[in-house]
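Taking it in order: structure first as structure tokens, then the write-up.
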Amino acid sequence: MNVRLTCAACKRPIEQAATGRPRKFCSEGCRRSADLEVRRLDRQLDIPESRLAVDRNWLATIEAGLASGGGTQTKQKAVFDVTRAELRVADLQSRLRLLLDELEAPA
Ligand SMILES: [Zn+2]
């Protein structure tokens with residue numbers, strides 16, 4: 001079993017009780033701050049996710065030949081924008097997953 005020795009929020013060492021579930025947070029405050037961080041990241045994801053949807057739409061419009069003046073440069077820029085938005089979303093999602101693991105994984 002993977003026994004965590006440091007607090008998932010503040011990284012301070014946690015004294016584990018000899019019996020019972022290993023603790024993931026050193027205090028109720030640290031658990032709450034991790035909870036808040038999850039909500040914050042969740043909200044932050046809204047913007048890049050809708051940004052990504054807009055960029056993908058734009059790229060699809062260009063690829064369909066429907067954009068006015070959609071030359072190679074325009075398409076390259078659209079591909080770049082989509083890639084950047086995907087990376088931003090993936091980064092936030094992986095941070096969110098890590099935190100959720102800390103909060104929800106059974107001890
Ligand atoms: Zn802590």
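Residue names in the structure tokens use chain letters A, B, ... in the order shown, residue numbers from 1 in each chain, and ligand numbers from 1 in the order shown.
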All residues 8 Å or closer to Ala34 (chain A), only C-alpha atoms, same chain fewer than 2 positions away omitted, as a PDB file with N, CA and C atoms, in the first residue's frame:
```pdb
ATOM      1  N   ALA A   9      -1.164  18.898   0.669  1.00  0.00           N
ATOM      2  CA  ALA A   9      -1.342  20.327   0.401  1.00  0.00           C
ATOM      3  C   ALA A   9      -0.078  21.124   0.709  1.00  0.00           C
ATOM      4  N   CYS A  30      -5.701  22.153   5.593  1.00  0.00           N
ATOM      5  CA  CYS A  30      -5.037  21.737   4.356  1.00  0.00           C
ATOM      6  C   CYS A  30      -6.012  20.978   3.458  1.00  0.00           C
ATOM      7  N   ARG A  31      -6.855  20.166   4.055  1.00  0.00           N
ATOM      8  CA  ARG A  31      -7.848  19.460   3.245  1.00  0.00           C
ATOM      9  C   ARG A  31      -8.802  20.468   2.590  1.00  0.00           C
ATOM     10  N   ARG A  32      -9.205  21.463   3.376  1.00  0.00           N
ATOM     11  CA  ARG A  32     -10.120  22.472   2.813  1.00  0.00           C
ATOM     12  C   ARG A  32      -9.453  23.283   1.713  1.00  0.00           C
ATOM     13  N   LEU A  36     -10.706  23.815  -2.092  1.00  0.00           N
ATOM     14  CA  LEU A  36     -10.863  25.113  -2.756  1.00  0.00           C
ATOM     15  C   LEU A  36     -10.078  25.168  -4.059  1.00  0.00           C
ATOM     16  N   GLU A  37      -8.877  24.602  -4.034  1.00  0.00           N
ATOM     17  CA  GLU A  37      -8.027  24.582  -5.221  1.00  0.00           C
ATOM     18  C   GLU A  37      -8.710  23.807  -6.352  1.00  0.00           C
ATOM     19  N   VAL A  38      -9.355  22.705  -5.985  1.00  0.00           N
ATOM     20  CA  VAL A  38     -10.091  21.921  -6.992  1.00  0.00           C
ATOM     21  C   VAL A  38     -11.172  22.777  -7.626  1.00  0.00           C
ATOM     22  N   LEU A  99      -5.078  16.543  -7.944  1.00  0.00           N
ATOM     23  CA  LEU A  99      -5.720  16.995  -6.709  1.00  0.00           C
ATOM     24  C   LEU A  99      -6.886  16.095  -6.332  1.00  0.00           C
ATOM     25  N   LEU A 103      -7.630  13.910  -2.932  1.00  0.00           N
ATOM     26  CA  LEU A 103      -8.813  14.090  -2.096  1.00  0.00           C
ATOM     27  C   LEU A 103      -9.651  12.827  -2.009  1.00  0.00           C
TER      28      LEU A 103
END
```
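Each residue with an atom within 8 Å of any atom of ligand 1 appears in the list, which was built counting only C-alpha atoms and all ligand atoms: Thr6, Cys7, Ala8, Ala9, Cys10, Lys11, Arg12, Ile14, Phe25, Cys26, Ser27, Gly29, Cys30 and Arg31 of chain A.
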Could you write out that same residue set with C-alpha atoms as a PDB file, in the first residue's frame?
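Contents of out31.pdb, as written:
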```pdb
ATOM      1  CA  THR A   6       3.837  14.250   3.599  1.00  0.00           C
ATOM      2  CA  CYS A   7       0.745  16.444   3.506  1.00  0.00           C
ATOM      3  CA  ALA A   8      -0.758  16.592   0.006  1.00  0.00           C
ATOM      4  CA  ALA A   9      -1.342  20.327   0.401  1.00  0.00           C
ATOM      5  CA  CYS A  10       1.581  21.835   2.312  1.00  0.00           C
ATOM      6  CA  LYS A  11       4.096  18.963   1.931  1.00  0.00           C
ATOM      7  CA  ARG A  12       4.912  18.949   5.610  1.00  0.00           C
ATOM      8  CA  ILE A  14       2.463  13.943   8.683  1.00  0.00           C
ATOM      9  CA  PHE A  25      -3.478  16.037   4.936  1.00  0.00           C
ATOM     10  CA  CYS A  26      -1.839  17.318   8.088  1.00  0.00           C
ATOM     11  CA  SER A  27      -4.895  19.346   9.090  1.00  0.00           C
ATOM     12  CA  GLY A  29      -7.277  23.459   6.901  1.00  0.00           C
ATOM     13  CA  CYS A  30      -5.037  21.737   4.356  1.00  0.00           C
ATOM     14  CA  ARG A  31      -7.848  19.460   3.245  1.00  0.00           C
TER      15      ARG A  31
END
```
*Determine, counting only C-alpha atoms, which protein, DNA and RNA residues have an atom within 12 Å of an atom of Asp46 (chain A); residues of the same chain fewer than 3 positions away are not included. Present the result as an MDAnalysis selection string.*
chainID A and resid 39:43 49:53 85 88:89 92:93
Could you dump the residues just selected with C-alpha atoms as a tab-separated table (two decimals), in the first residue's frame?
```tsv
chain	number	residue	atom	x	y	z
A	39	ARG	CA	-13.00	24.33	-7.33
A	40	ARG	CA	-10.67	27.10	-8.52
A	41	LEU	CA	-9.09	24.87	-11.18
A	42	ASP	CA	-12.52	23.68	-12.24
A	43	ARG	CA	-13.62	27.28	-12.81
A	49	GLU	CA	-12.31	24.87	-22.80
A	50	SER	CA	-14.59	27.37	-24.51
A	51	ARG	CA	-11.52	29.00	-26.09
A	52	LEU	CA	-10.57	25.58	-27.48
A	53	ALA	CA	-14.06	25.06	-28.89
A	85	ALA	CA	-5.56	25.76	-26.28
A	88	ARG	CA	-3.65	24.68	-21.68
A	89	VAL	CA	-6.71	22.50	-21.12
A	92	LEU	CA	-5.27	22.25	-16.04
A	93	GLN	CA	-6.97	18.87	-16.31
```
All helix (DSSP H, G or I) residues (DSSP, backbone) inside region 20-59 of chain A, as an mmCIF file with N, CA and C atoms, in the first residue's frame:
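Produced file selection-v8.cif, reproduced below:
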```cif
data_model
loop_
_atom_site.group_PDB
_atom_site.id
_atom_site.type_symbol
_atom_site.label_atom_id
_atom_site.label_comp_id
_atom_site.auth_asym_id
_atom_site.auth_seq_id
_atom_site.Cartn_x
_atom_site.Cartn_y
_atom_site.Cartn_z
ATOM 1 N N GLU A 28 -7.235 19.856 8.948
ATOM 2 C CA GLU A 28 -8.495 20.108 8.251
ATOM 3 C C GLU A 28 -8.340 21.312 7.314
ATOM 4 N N GLY A 29 -7.525 22.285 7.734
ATOM 5 C CA GLY A 29 -7.277 23.459 6.901
ATOM 6 C C GLY A 29 -6.654 23.077 5.560
ATOM 7 N N CYS A 30 -5.701 22.153 5.593
ATOM 8 C CA CYS A 30 -5.037 21.737 4.356
ATOM 9 C C CYS A 30 -6.012 20.978 3.458
ATOM 10 N N ARG A 31 -6.855 20.166 4.055
ATOM 11 C CA ARG A 31 -7.848 19.460 3.245
ATOM 12 C C ARG A 31 -8.802 20.468 2.590
ATOM 13 N N ARG A 32 -9.205 21.463 3.376
ATOM 14 C CA ARG A 32 -10.120 22.472 2.813
ATOM 15 C C ARG A 32 -9.453 23.283 1.713
ATOM 16 N N SER A 33 -8.174 23.603 1.896
ATOM 17 C CA SER A 33 -7.498 24.396 0.867
ATOM 18 C C SER A 33 -7.359 23.586 -0.417
ATOM 19 N N ALA A 34 -7.174 22.263 -0.288
ATOM 20 C CA ALA A 34 -7.136 21.414 -1.483
ATOM 21 C C ALA A 34 -8.500 21.390 -2.159
ATOM 22 N N ASP A 35 -9.555 21.356 -1.353
ATOM 23 C CA ASP A 35 -10.922 21.419 -1.878
ATOM 24 C C ASP A 35 -11.147 22.700 -2.679
ATOM 25 N N LEU A 36 -10.706 23.815 -2.092
ATOM 26 C CA LEU A 36 -10.863 25.113 -2.756
ATOM 27 C C LEU A 36 -10.078 25.168 -4.059
ATOM 28 N N GLU A 37 -8.877 24.602 -4.034
ATOM 29 C CA GLU A 37 -8.027 24.582 -5.221
ATOM 30 C C GLU A 37 -8.710 23.807 -6.352
ATOM 31 N N VAL A 38 -9.355 22.705 -5.985
ATOM 32 C CA VAL A 38 -10.091 21.921 -6.992
ATOM 33 C C VAL A 38 -11.172 22.777 -7.626
ATOM 34 N N ARG A 39 -11.929 23.496 -6.784
ATOM 35 C CA ARG A 39 -13.004 24.332 -7.334
ATOM 36 C C ARG A 39 -12.449 25.447 -8.203
ATOM 37 N N ARG A 40 -11.299 26.016 -7.764
ATOM 38 C CA ARG A 40 -10.668 27.101 -8.518
ATOM 39 C C ARG A 40 -10.225 26.602 -9.902
ATOM 40 N N LEU A 41 -9.549 25.436 -9.919
ATOM 41 C CA LEU A 41 -9.091 24.870 -11.182
ATOM 42 C C LEU A 41 -10.267 24.536 -12.094
ATOM 43 N N ASP A 42 -11.332 24.044 -11.483
ATOM 44 C CA ASP A 42 -12.520 23.680 -12.241
ATOM 45 C C ASP A 42 -13.086 24.916 -12.950
ATOM 46 N N ARG A 43 -13.138 26.036 -12.202
ATOM 47 C CA ARG A 43 -13.621 27.277 -12.810
ATOM 48 C C ARG A 43 -12.675 27.766 -13.897
ATOM 49 N N GLN A 44 -11.353 27.651 -13.618
ATOM 50 C CA GLN A 44 -10.352 28.111 -14.582
ATOM 51 C C GLN A 44 -10.444 27.355 -15.897
ATOM 52 N N LEU A 45 -10.899 26.123 -15.823
ATOM 53 C CA LEU A 45 -10.992 25.297 -17.026
ATOM 54 C C LEU A 45 -12.067 25.792 -17.985
ATOM 55 N N ASP A 46 -13.090 26.433 -17.459
ATOM 56 C CA ASP A 46 -14.183 26.918 -18.299
ATOM 57 C C ASP A 46 -13.677 27.767 -19.460
ATOM 58 N N ILE A 47 -12.766 28.682 -19.144
ATOM 59 C CA ILE A 47 -12.310 29.627 -20.174
ATOM 60 C C ILE A 47 -11.499 28.919 -21.264
ATOM 61 N N PRO A 48 -10.418 28.178 -20.915
ATOM 62 C CA PRO A 48 -9.685 27.503 -21.994
ATOM 63 C C PRO A 48 -10.526 26.484 -22.753
ATOM 64 N N GLU A 49 -11.479 25.848 -22.084
ATOM 65 C CA GLU A 49 -12.311 24.869 -22.795
ATOM 66 C C GLU A 49 -13.189 25.546 -23.839
ATOM 67 N N SER A 50 -13.770 26.712 -23.493
ATOM 68 C CA SER A 50 -14.590 27.368 -24.508
ATOM 69 C C SER A 50 -13.702 28.007 -25.570
ATOM 70 N N ARG A 51 -12.513 28.471 -25.141
ATOM 71 C CA ARG A 51 -11.524 28.997 -26.093
ATOM 72 C C ARG A 51 -11.156 27.903 -27.116
ATOM 73 N N LEU A 52 -10.929 26.703 -26.613
ATOM 74 C CA LEU A 52 -10.565 25.578 -27.478
ATOM 75 C C LEU A 52 -11.686 25.281 -28.474
ATOM 76 N N ALA A 53 -12.921 25.325 -27.998
ATOM 77 C CA ALA A 53 -14.055 25.062 -28.887
ATOM 78 C C ALA A 53 -14.112 26.106 -29.997
ATOM 79 N N VAL A 54 -13.870 27.371 -29.637
ATOM 80 C CA VAL A 54 -13.890 28.450 -30.641
ATOM 81 C C VAL A 54 -12.765 28.240 -31.657
ATOM 82 N N ASP A 55 -11.553 27.924 -31.156
ATOM 83 C CA ASP A 55 -10.415 27.729 -32.057
ATOM 84 C C ASP A 55 -10.640 26.548 -32.996
ATOM 85 N N ARG A 56 -11.229 25.470 -32.458
ATOM 86 C CA ARG A 56 -11.480 24.293 -33.304
ATOM 87 C C ARG A 56 -12.509 24.608 -34.385
ATOM 88 N N ASN A 57 -13.515 25.393 -34.006
ATOM 89 C CA ASN A 57 -14.532 25.816 -34.970
ATOM 90 C C ASN A 57 -13.909 26.618 -36.097
ATOM 91 N N TRP A 58 -13.046 27.534 -35.695
ATOM 92 C CA TRP A 58 -12.376 28.406 -36.660
ATOM 93 C C TRP A 58 -11.527 27.573 -37.619
ATOM 94 N N LEU A 59 -10.771 26.613 -37.064
ATOM 95 C CA LEU A 59 -9.934 25.738 -37.892
ATOM 96 C C LEU A 59 -10.805 24.929 -38.855
#
```
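What separates CA of Lys75 (chain A) from CA of Leu87 (chain A) is a distance of 18.3 Å.
Going from CA of Pro13 (chain A) to CA of Leu100 (chain A) covers 20.1 Å.
Interatomic distance, CA of Asp81 (chain A) against CA of Thr61 (chain A): 13.9 Å.
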